[in-house]
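Please read the structure below before turning to the comments.
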2 protein chains.
Amino acid sequence: MTKPRTTFLQGTLDMLILKTLSWGARHGYAIARWLEETTNDALQIEEGSLYPALYRMERKGWIEAEWGVSELGKRIKLYSLTPLGRKQLRIEASQWAQFVDAVAAVMRTA
Amino acid sequence: MTKPRTTFLQGTLDMLILKTLSWGARHGYAIARWLEETTNDALQIEEGSLYPALYRMERKGWIEAEWGVSELGKRIKLYSLTPLGRKQLRIEASQWAQFVDAVAAVMRTA
DNA sequence: CAAGCATACCTTGACAGTCTAGGTACATCC
DNA sequence: GGATGTACCTAGACTGTCAAGGTATGCTTG
């Protein structure tokens with residue numbers, strides 16, 4: 001079993017975050033934990049990638065943040081999807097599907 | 001139909017080139033044309049990405065080059081897979097499959 | 001009570017890979 | 001002779017990731 005390659009993550013992190021938030025608001029740390037859990041740690045979300053991504057996406061108007069408090073009493077920055085973010089998710093999901101198809105077409109050539 | 005996103009290409013270009021060469025030697029320009037054709041132009045291979053990639057891969061010992069002449073009388077640099085490259089192709093294909101599965105697990109969550 | 005661990009946030013600097021936009025050279029076709 | 005297609009290459013900008021640091025706090029455990 002080969003180690004997962006994070007190089008592939010390039011460009012998909014935004015989509016994965018958008019998808020995570022499509023189920024409801026979450027804070028950064030929780031987004032990372034959820035993604036890792038959902039993929040059985042096949043994806044590792046580094047904080048140095050995560051937080052800049054969140055900042056980037058907020059600037060683009062895809063998500064918005066609100067400060068709050070977690071169940072454990074920690075201050076958290078709760079992110080939720082904007083309508084624009086929801087639209088962006090649809091776009092990225094479609095592009096991703098297309099790309100995966102294209103790569104599959106190359107890789108399955110017999 | 002949304003435009004294909006080249007951002008996703010990050011990290012997969014090497015694999016796609018390796019796969020292309022697994023069918024036999026080809027020169028750079030032909031590799032790009034073949035990939036575009038095979039994917040119905042879903043993938044666009046920019047020369048500014050292609051040639052650096054070929055150089056990189058040659059340095060890593062995955063491919064090797066030989067100068068020749070095309071059917072059209074142009075000088076071409078014919079690349080072929082080394083045993084190391086063949087091994088690398090297997091590794092990358094496996095990592096790619098894993099990554100696609102992981103993303104699928106996130107995206108299909110209902 | 002102190003130490004360690006998990007939660008939760010953030011930033012800086014290096015690095016890798018892609019893209020844009022150029023360039024060269026030559027052959028063919030109109 | 002000019003346009004187009006083949007075929008190669010490169011410099012510089014840019015984007016996104018990663019490694020490695022940092023802060024703060026609450027809970028558990030010895």
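FYI, nothing fancy with the structure tokens labels: chains A, B, ... in order, residues from 1 per chain, ligands from 1 as they appear.
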
Would you list which chain A residues are within 12 Å of chain D using only C-alpha atoms (C1' of nucleotides), as a tab-separated table (two decimals) with N, CA and C atoms, in the first residue's frame?
```
chain	number	residue	atom	x	y	z
A	5	ARG	N	-0.53	10.62	-1.75
A	5	ARG	CA	0.26	11.73	-2.27
A	5	ARG	C	-0.54	13.00	-2.20
A	6	THR	N	-0.02	13.94	-1.48
A	6	THR	CA	-0.76	15.17	-1.30
A	6	THR	C	-0.64	16.09	-2.51
A	7	THR	N	0.31	15.78	-3.36
A	7	THR	CA	0.48	16.62	-4.54
A	7	THR	C	-0.82	16.71	-5.34
A	8	PHE	N	-1.58	15.64	-5.30
A	8	PHE	CA	-2.83	15.60	-6.05
A	8	PHE	C	-3.85	16.58	-5.50
A	9	LEU	N	-3.68	16.92	-4.24
A	9	LEU	CA	-4.65	17.77	-3.56
A	9	LEU	C	-4.84	19.10	-4.26
A	10	GLN	N	-3.77	19.51	-4.92
A	10	GLN	CA	-3.76	20.81	-5.60
A	10	GLN	C	-5.06	21.04	-6.40
A	11	GLY	N	-5.78	22.04	-6.00
A	11	GLY	CA	-6.98	22.39	-6.75
A	11	GLY	C	-8.25	21.73	-6.24
A	12	THR	N	-8.10	20.65	-5.48
A	12	THR	CA	-9.31	19.96	-5.01
A	12	THR	C	-9.68	20.35	-3.59
A	13	LEU	N	-8.73	20.96	-2.88
A	13	LEU	CA	-8.99	21.28	-1.48
A	13	LEU	C	-10.21	22.19	-1.33
A	14	ASP	N	-10.29	23.20	-2.18
A	14	ASP	CA	-11.43	24.12	-2.13
A	14	ASP	C	-12.75	23.34	-2.27
A	44	GLN	N	-4.81	13.82	4.10
A	44	GLN	CA	-4.33	14.51	5.29
A	44	GLN	C	-4.36	16.01	5.02
A	45	ILE	N	-5.11	16.70	5.83
A	45	ILE	CA	-5.27	18.13	5.61
A	45	ILE	C	-4.32	18.88	6.53
A	46	GLU	N	-3.29	19.45	5.96
A	46	GLU	CA	-2.33	20.22	6.75
A	46	GLU	C	-2.92	21.58	7.09
A	47	GLU	N	-2.65	22.04	8.30
A	47	GLU	CA	-3.20	23.32	8.71
A	47	GLU	C	-2.63	24.47	7.88
A	48	GLY	N	-1.40	24.28	7.44
A	48	GLY	CA	-0.77	25.29	6.60
A	48	GLY	C	-1.39	25.39	5.22
A	49	SER	N	-2.19	24.41	4.86
A	49	SER	CA	-2.94	24.49	3.61
A	49	SER	C	-4.37	24.92	3.90
A	50	LEU	N	-4.88	24.41	5.00
A	50	LEU	CA	-6.28	24.63	5.35
A	50	LEU	C	-6.62	26.09	5.60
A	51	TYR	N	-5.88	26.72	6.52
A	51	TYR	CA	-6.26	28.07	6.92
A	51	TYR	C	-6.10	29.07	5.77
A	52	PRO	N	-5.01	29.01	5.03
A	52	PRO	CA	-4.94	29.89	3.86
A	52	PRO	C	-6.09	29.63	2.87
A	53	ALA	N	-6.49	28.39	2.73
A	53	ALA	CA	-7.59	28.06	1.82
A	53	ALA	C	-8.88	28.71	2.30
A	56	ARG	N	-8.73	32.43	1.69
A	56	ARG	CA	-8.89	32.63	0.25
A	56	ARG	C	-10.36	32.55	-0.16
A	70	SER	N	-16.94	26.40	20.84
A	70	SER	CA	-17.19	24.98	20.62
A	70	SER	C	-17.80	24.33	21.85
A	71	GLU	N	-18.21	23.08	21.69
A	71	GLU	CA	-18.76	22.34	22.82
A	71	GLU	C	-17.73	22.20	23.94
A	72	LEU	N	-16.48	22.26	23.55
A	72	LEU	CA	-15.40	22.12	24.53
A	72	LEU	C	-14.97	23.45	25.12
A	73	GLY	N	-15.70	24.48	24.76
A	73	GLY	CA	-15.42	25.77	25.35
A	73	GLY	C	-14.29	26.54	24.69
A	74	LYS	N	-13.89	26.11	23.48
A	74	LYS	CA	-12.82	26.82	22.77
A	74	LYS	C	-13.45	27.83	21.81
A	75	ARG	N	-12.72	28.91	21.59
A	75	ARG	CA	-13.22	29.86	20.60
A	75	ARG	C	-12.99	29.28	19.22
```

Handout entry: Interface residues on chain A facing chain B, 7 Å, only C-alpha atoms, written as a PyMOL selection string
Key = chain A and resi 2+4-5+7-8+10-11+19+38-39+42-43+95+102+105-107

Practice task
Could you please select, counting only C-alpha atoms (C1' of nucleotides), the residues of chain C within 12 Å of chain A and state them as number ranges by chain?
Solution key: C: 6-13, 16-18

Using N, CA and C atoms (P, O5', C5', C4', C3', O3' and C1' of nucleotides), can you write the selected residues to a file as a tab-separated table (two decimals), in the first residue's frame?
```tsv
chain	number	residue	atom	x	y	z
C	6	DA	P	-3.01	13.57	21.82
C	6	DA	O5'	-4.32	14.48	21.69
C	6	DA	C5'	-5.43	14.24	22.55
C	6	DA	C4'	-6.39	15.40	22.46
C	6	DA	C3'	-6.70	15.86	21.03
C	6	DA	O3'	-8.10	15.98	20.88
C	6	DA	C1'	-5.94	17.69	22.34
C	7	DT	P	-8.74	16.39	19.51
C	7	DT	O5'	-9.03	17.94	19.76
C	7	DT	C5'	-9.97	18.32	20.73
C	7	DT	C4'	-9.93	19.82	20.91
C	7	DT	C3'	-10.33	20.63	19.67
C	7	DT	O3'	-11.38	21.50	20.03
C	7	DT	C1'	-8.37	21.49	20.63
C	8	DA	P	-12.40	22.03	18.93
C	8	DA	O5'	-11.55	23.15	18.19
C	8	DA	C5'	-11.59	24.50	18.67
C	8	DA	C4'	-10.47	25.32	18.11
C	8	DA	C3'	-10.27	25.39	16.59
C	8	DA	O3'	-11.07	26.42	16.05
C	8	DA	C1'	-8.24	25.63	17.86
C	9	DC	P	-10.95	26.76	14.48
C	9	DC	O5'	-9.72	27.78	14.44
C	9	DC	C5'	-9.87	29.07	15.03
C	9	DC	C4'	-8.52	29.73	15.19
C	9	DC	C3'	-7.85	30.14	13.89
C	9	DC	O3'	-8.28	31.43	13.49
C	9	DC	C1'	-6.29	29.31	15.54
C	10	DC	P	-7.97	31.93	12.05
C	10	DC	O5'	-6.39	32.17	12.04
C	10	DC	C5'	-5.81	33.10	12.93
C	10	DC	C4'	-4.31	33.03	12.80
C	10	DC	C3'	-3.80	33.22	11.37
C	10	DC	O3'	-3.39	34.56	11.19
C	10	DC	C1'	-2.55	31.57	12.61
C	11	DT	P	-2.81	35.02	9.81
C	11	DT	O5'	-1.25	34.72	9.92
C	11	DT	C5'	-0.53	35.01	11.12
C	11	DT	C4'	0.93	34.72	10.87
C	11	DT	C3'	1.42	35.10	9.47
C	11	DT	O3'	2.69	35.72	9.58
C	11	DT	C1'	1.85	32.82	9.86
C	12	DT	P	3.19	36.62	8.38
C	12	DT	O5'	4.71	36.19	8.24
C	12	DT	C5'	5.41	35.62	9.34
C	12	DT	C4'	6.46	34.64	8.82
C	12	DT	C3'	7.02	34.98	7.44
C	12	DT	O3'	8.43	35.06	7.52
C	12	DT	C1'	6.30	32.72	7.53
C	13	DG	P	9.28	35.61	6.28
C	13	DG	O5'	9.84	34.27	5.62
C	13	DG	C5'	10.41	33.26	6.46
C	13	DG	C4'	10.74	32.06	5.62
C	13	DG	C3'	11.27	32.39	4.22
C	13	DG	O3'	12.36	31.54	3.94
C	13	DG	C1'	9.35	31.01	4.05
C	16	DA	P	11.61	21.71	-4.87
C	16	DA	O5'	10.26	21.23	-5.54
C	16	DA	C5'	9.17	20.84	-4.73
C	16	DA	C4'	7.91	20.85	-5.56
C	16	DA	C3'	8.16	20.51	-7.02
C	16	DA	O3'	7.20	19.58	-7.43
C	16	DA	C1'	7.13	22.66	-6.84
C	17	DG	P	7.32	18.85	-8.87
C	17	DG	O5'	6.19	19.62	-9.69
C	17	DG	C5'	4.90	19.73	-9.12
C	17	DG	C4'	4.08	20.67	-9.97
C	17	DG	C3'	4.28	20.49	-11.47
C	17	DG	O3'	3.00	20.45	-12.06
C	17	DG	C1'	4.60	22.75	-10.87
C	18	DT	P	2.74	20.10	-13.59
C	18	DT	O5'	1.98	21.40	-14.10
C	18	DT	C5'	0.87	21.90	-13.35
C	18	DT	C4'	0.59	23.33	-13.74
C	18	DT	C3'	0.51	23.57	-15.25
C	18	DT	O3'	-0.81	23.98	-15.59
C	18	DT	C1'	1.83	25.24	-14.15
```

Problem - DSSP helix (DSSP H, G or I) selection over chain B, as a PyMOL selection string - result: chain B and resi 6-9+13-21+28-38+47-59+83-107

Handout entry: Selection: 12 Å around Ser80 (chain B), only C-alpha atoms (C1' of nucleotides), excl. self and same-chain fewer than 4 positions, as a list in words
Key = Ile17, Leu18, Lys19, Thr20, Leu21, Ser22, Trp23, Gly24, Ala25, Arg26, His27, Gly28, Ile31, Leu54, Met57, Glu58, Gly61, Trp62, Ile63, Glu64, Ala65, Glu66, Trp67, Leu84, Gly85 and Arg86 of chain B

Exercise for the section: as a list in words, please: all residues of chain A that backbone DSSP puts in strand (DSSP E or B). Expected result: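 DSSP-assigned strand (DSSP E or B) residues in chain A: Arg26, His27, Ile63, Glu64, Ala65, Glu66, Trp67, Gly68, Val69, Arg75, Ile76, Lys77, Leu78, Tyr79, Ser80 and Leu81 of chain A.
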
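Here CA of Lys87 (chain A) and CA of Tyr55 (chain A) stand 18.3 Å from one another.
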